[in-house]
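File shown here: final-v4.pdb, holding PDB, C-alpha atoms, pLDDT in the B column.
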ATOM      1  CA  ASN T 720       0.000   0.000   0.000  1.00 83.00           C
ATOM      2  CA  GLN T 721       1.821   3.083  -1.290  1.00 88.00           C
ATOM      3  CA  ALA T 722      -0.149   5.553   0.837  1.00 88.00           C
ATOM      4  CA  TYR T 723       0.711   3.602   3.994  1.00 89.00           C
ATOM      5  CA  GLU T 724       4.423   3.586   3.114  1.00 91.00           C
ATOM      6  CA  LEU T 725       4.360   7.336   2.379  1.00 92.00           C
ATOM      7  CA  SER T 726       2.572   7.983   5.685  1.00 91.00           C
ATOM      8  CA  ALA T 727       5.029   5.862   7.643  1.00 92.00           C
ATOM      9  CA  TYR T 728       7.976   7.685   6.067  1.00 93.00           C
ATOM     10  CA  ALA T 729       6.425  11.112   6.737  1.00 92.00           C
ATOM     11  CA  GLY T 730       5.705  10.138  10.334  1.00 91.00           C
ATOM     12  CA  ARG T 731       9.282   9.005  10.958  1.00 94.00           C
ATOM     13  CA  THR T 732      10.876  11.917   9.116  1.00 95.00           C
ATOM     14  CA  LEU T 733       8.712  14.647  10.640  1.00 93.00           C
ATOM     15  CA  ASP T 734       8.443  12.934  14.044  1.00 93.00           C
ATOM     16  CA  ILE T 735       4.641  13.025  14.015  1.00 90.00           C
ATOM     17  CA  PRO T 736       2.231  10.208  14.918  1.00 88.00           C
ATOM     18  CA  MET T 737       0.978   8.073  12.060  1.00 87.00           C
ATOM     19  CA  LEU T 738      -2.316   6.217  12.322  1.00 84.00           C
ATOM     20  CA  GLY T 739      -2.155   4.328   9.046  1.00 78.00           C
ATOM     21  CA  ASN T 740      -4.861   1.786   9.783  1.00 80.00           C
ATOM     22  CA  ALA T 741      -7.421   3.931  11.592  1.00 86.00           C
ATOM     23  CA  LEU T 742      -9.144   5.200   8.427  1.00 88.00           C
ATOM     24  CA  ARG T 743     -10.552   2.128   6.740  1.00 87.00           C
ATOM     25  CA  ARG T 744     -12.661   1.258   3.767  1.00 88.00           C
ATOM     26  CA  GLY T 745     -15.840  -0.171   5.260  1.00 85.00           C
ATOM     27  CA  ARG T 746     -17.205  -1.569   2.021  1.00 88.00           C
ATOM     28  CA  ASN T 747     -15.877  -2.505  -1.364  1.00 86.00           C
ATOM     29  CA  THR T 748     -16.272   0.074  -4.106  1.00 88.00           C
ATOM     30  CA  SER T 749     -15.987  -0.069  -7.868  1.00 84.00           C
ATOM     31  CA  ALA T 750     -12.741   1.067  -9.468  1.00 85.00           C
ATOM     32  CA  GLN T 751     -12.739   4.853  -9.810  1.00 83.00           C
ATOM     33  CA  SER T 752     -11.039   4.838 -13.214  1.00 81.00           C
ATOM     34  CA  GLY T 753     -13.516   5.431 -15.997  1.00 82.00           C
ATOM     35  CA  LEU T 754     -16.063   7.103 -13.699  1.00 85.00           C
ATOM     36  CA  ASN T 755     -16.959  10.777 -13.972  1.00 84.00           C
ATOM     37  CA  ARG T 756     -16.863  13.103 -10.950  1.00 83.00           C
ATOM     38  CA  LYS T 757     -20.515  12.524  -9.981  1.00 88.00           C
ATOM     39  CA  GLN T 758     -20.159   8.740 -10.280  1.00 89.00           C
ATOM     40  CA  ARG T 759     -16.945   8.788  -8.238  1.00 90.00           C
ATOM     41  CA  ARG T 760     -18.631  10.764  -5.454  1.00 90.00           C
ATOM     42  CA  LYS T 761     -21.526   8.290  -5.307  1.00 92.00           C
ATOM     43  CA  ASN T 762     -19.110   5.353  -5.449  1.00 91.00           C
ATOM     44  CA  VAL T 763     -17.122   6.379  -2.342  1.00 92.00           C
ATOM     45  CA  ARG T 764     -19.862   8.081  -0.307  1.00 93.00           C
ATOM     46  CA  GLY T 765     -20.033   6.245   3.022  1.00 92.00           C
ATOM     47  CA  ALA T 766     -17.289   3.791   2.032  1.00 92.00           C
ATOM     48  CA  PHE T 767     -14.833   4.851   4.763  1.00 92.00           C
ATOM     49  CA  HIS T 768     -14.986   4.809   8.541  1.00 91.00           C
ATOM     50  CA  TRP T 769     -12.716   6.018  11.325  1.00 91.00           C
ATOM     51  CA  SER T 770     -11.615   3.792  14.194  1.00 88.00           C
ATOM     52  CA  GLY T 771      -8.955   6.040  15.728  1.00 82.00           C
ATOM     53  CA  TRP T 772      -9.036   8.891  18.249  1.00 76.00           C
ATOM     54  CA  THR T 773     -12.231  10.560  19.288  1.00 69.00           C
ATOM     55  CA  LYS T 774     -10.699  13.594  20.990  1.00 75.00           C
ATOM     56  CA  PRO T 775     -11.794  16.645  18.966  1.00 83.00           C
ATOM     57  CA  GLY T 776      -9.528  19.406  17.717  1.00 90.00           C
ATOM     58  CA  LYS T 777      -6.825  17.417  15.937  1.00 88.00           C
ATOM     59  CA  HIS T 778      -4.907  18.761  12.923  1.00 91.00           C
ATOM     60  CA  VAL T 779      -4.609  15.842  10.504  1.00 91.00           C
ATOM     61  CA  ALA T 780      -2.543  15.252   7.371  1.00 92.00           C
ATOM     62  CA  LEU T 781      -4.233  12.831   4.976  1.00 92.00           C
ATOM     63  CA  ILE T 782      -1.541  11.283   2.760  1.00 92.00           C
ATOM     64  CA  ASP T 783      -2.167   9.570  -0.577  1.00 91.00           C
ATOM     65  CA  ASP T 784      -0.054   8.626  -3.559  1.00 91.00           C
ATOM     66  CA  VAL T 785      -2.193   9.988  -6.431  1.00 90.00           C
ATOM     67  CA  MET T 786      -5.183  12.325  -6.562  1.00 91.00           C
ATOM     68  CA  THR T 787      -7.315  12.463  -9.689  1.00 86.00           C
ATOM     69  CA  THR T 788     -10.576  14.322  -9.020  1.00 85.00           C
ATOM     70  CA  GLY T 789     -10.123  14.580  -5.250  1.00 90.00           C
ATOM     71  CA  THR T 790     -13.307  12.625  -4.577  1.00 90.00           C
ATOM     72  CA  THR T 791     -11.715   9.937  -2.399  1.00 91.00           C
ATOM     73  CA  VAL T 792      -9.662  12.364  -0.306  1.00 93.00           C
ATOM     74  CA  SER T 793     -12.719  14.611   0.070  1.00 94.00           C
ATOM     75  CA  GLU T 794     -14.760  11.703   1.421  1.00 94.00           C
ATOM     76  CA  CYS T 795     -11.922  10.697   3.756  1.00 94.00           C
ATOM     77  CA  ALA T 796     -11.586  14.299   4.981  1.00 95.00           C
ATOM     78  CA  ARG T 797     -15.343  14.403   5.602  1.00 95.00           C
ATOM     79  CA  VAL T 798     -15.072  11.260   7.751  1.00 94.00           C
ATOM     80  CA  LEU T 799     -12.134  12.736   9.689  1.00 93.00           C
ATOM     81  CA  LYS T 800     -14.013  15.997  10.308  1.00 94.00           C
ATOM     82  CA  ARG T 801     -17.018  14.043  11.578  1.00 92.00           C
ATOM     83  CA  ALA T 802     -14.629  12.190  13.910  1.00 91.00           C
ATOM     84  CA  GLY T 803     -13.556  15.520  15.394  1.00 92.00           C
ATOM     85  CA  ALA T 804     -10.614  16.712  13.299  1.00 92.00           C
ATOM     86  CA  LYS T 805     -10.357  20.486  13.422  1.00 94.00           C
ATOM     87  CA  ARG T 806      -8.302  20.699  10.236  1.00 94.00           C
ATOM     88  CA  VAL T 807      -7.488  18.178   7.495  1.00 94.00           C
ATOM     89  CA  ASP T 808      -4.619  18.817   5.087  1.00 95.00           C
ATOM     90  CA  VAL T 809      -4.178  16.603   2.028  1.00 95.00           C
ATOM     91  CA  TRP T 810      -0.652  15.657   0.981  1.00 95.00           C
ATOM     92  CA  VAL T 811      -0.261  13.790  -2.327  1.00 94.00           C
ATOM     93  CA  THR T 812       2.822  12.864  -4.334  1.00 93.00           C
ATOM     94  CA  ALA T 813       1.109  13.219  -7.728  1.00 93.00           C
ATOM     95  CA  ARG T 814      -1.937  15.002  -9.103  1.00 91.00           C
ATOM     96  CA  ALA T 815      -3.520  13.577 -12.246  1.00 85.00           C
ATOM     97  CA  ILE T 816      -4.554  16.216 -14.761  1.00 81.00           C
ATOM     98  CA  PRO T 817      -7.888  15.519 -16.480  1.00 70.00           C
ATOM     99  CA  ALA T 818      -7.626  14.939 -20.240  1.00 71.00           C
ATOM    100  CA  GLY T 819      -9.543  18.141 -21.053  1.00 70.00           C
ATOM    101  CA  ARG T 820      -7.048  20.284 -19.118  1.00 69.00           C
ATOM    102  CA  ARG T 821      -3.771  18.987 -20.575  1.00 63.00           C
TER
END
Write out the structure in this file as structure tokens.
Amino acid sequence: NQAYELSAYAGRTLDIPMLGNALRRGRNTSAQSGLNRKQRRKNVRGAFHWSGWTKPGKHVALIDDVMTTGTTVSECARVLKRAGAKRVDVWVTARAIPAGRR
């Protein structure tokens, strides 16, 4: 899992806690490739759940390897905010550019 490895490295390097298994996919979803933005949103809505801290006010960095439309990270950030995160930053190593914007 590339995102887990990136998170572990960031945690060690920056000396910050890493909770790599606390945000989990609660149900299987279809592959996002080939779906438009609306379909992607519907596909991941409610697919993730949080099993980590419950103390509110945390500043969280959500780390992923690639972001295409941002739908998955948006859903994950929504789950983290509902769990009490005060702020969610998204760190990605690559951002896919939609074909119409190249």
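The closest residue to Trp769 of chain T, picked from T:Lys757, T:Ser749, T:Ile735, T:Ala804 and counting all atoms listed in the file, is T:Ala804.
Each of T:Met786, T:His768, T:Val811, T:Lys805 was compared to Ser752 of chain T using all atoms listed in the file, and T:Met786 turns out to be the nearest.
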**OP:** Please measure the separation of atom CA of Trp772 of chain T and atom CA of Arg743 of chain T, giving the value in Å to one decimal.
**Re:** 13.4 Å
**OP:** Measure the distance from atom CA of Phe767 of chain T to atom CA of Gly745 of chain T in Å and round it to one decimal.
**Re:** 5.1 Å
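When the PyMOL selection byres ((chain T and resi 814) around 9) is evaluated against the file, it yields Asp784, Val785, Met786, Thr787, Thr788, Val811, Thr812, Ala813, Ala815 and Ile816 of chain T.
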**OP:** Determine the residue set returned by the PyMOL selection byres ((chain T and resi 781) around 12) for the present structure, and present it as number ranges by chain.
**Re:** T: 722-723, 725-727, 729-730, 737-739, 741-742, 778-780, 782-786, 789, 791-800, 804, 806-812
Original post:
By how many Å are atom CA of Gly771 of chain T and atom CA of Arg744 of chain T apart?
Top reply: 13.4 Å
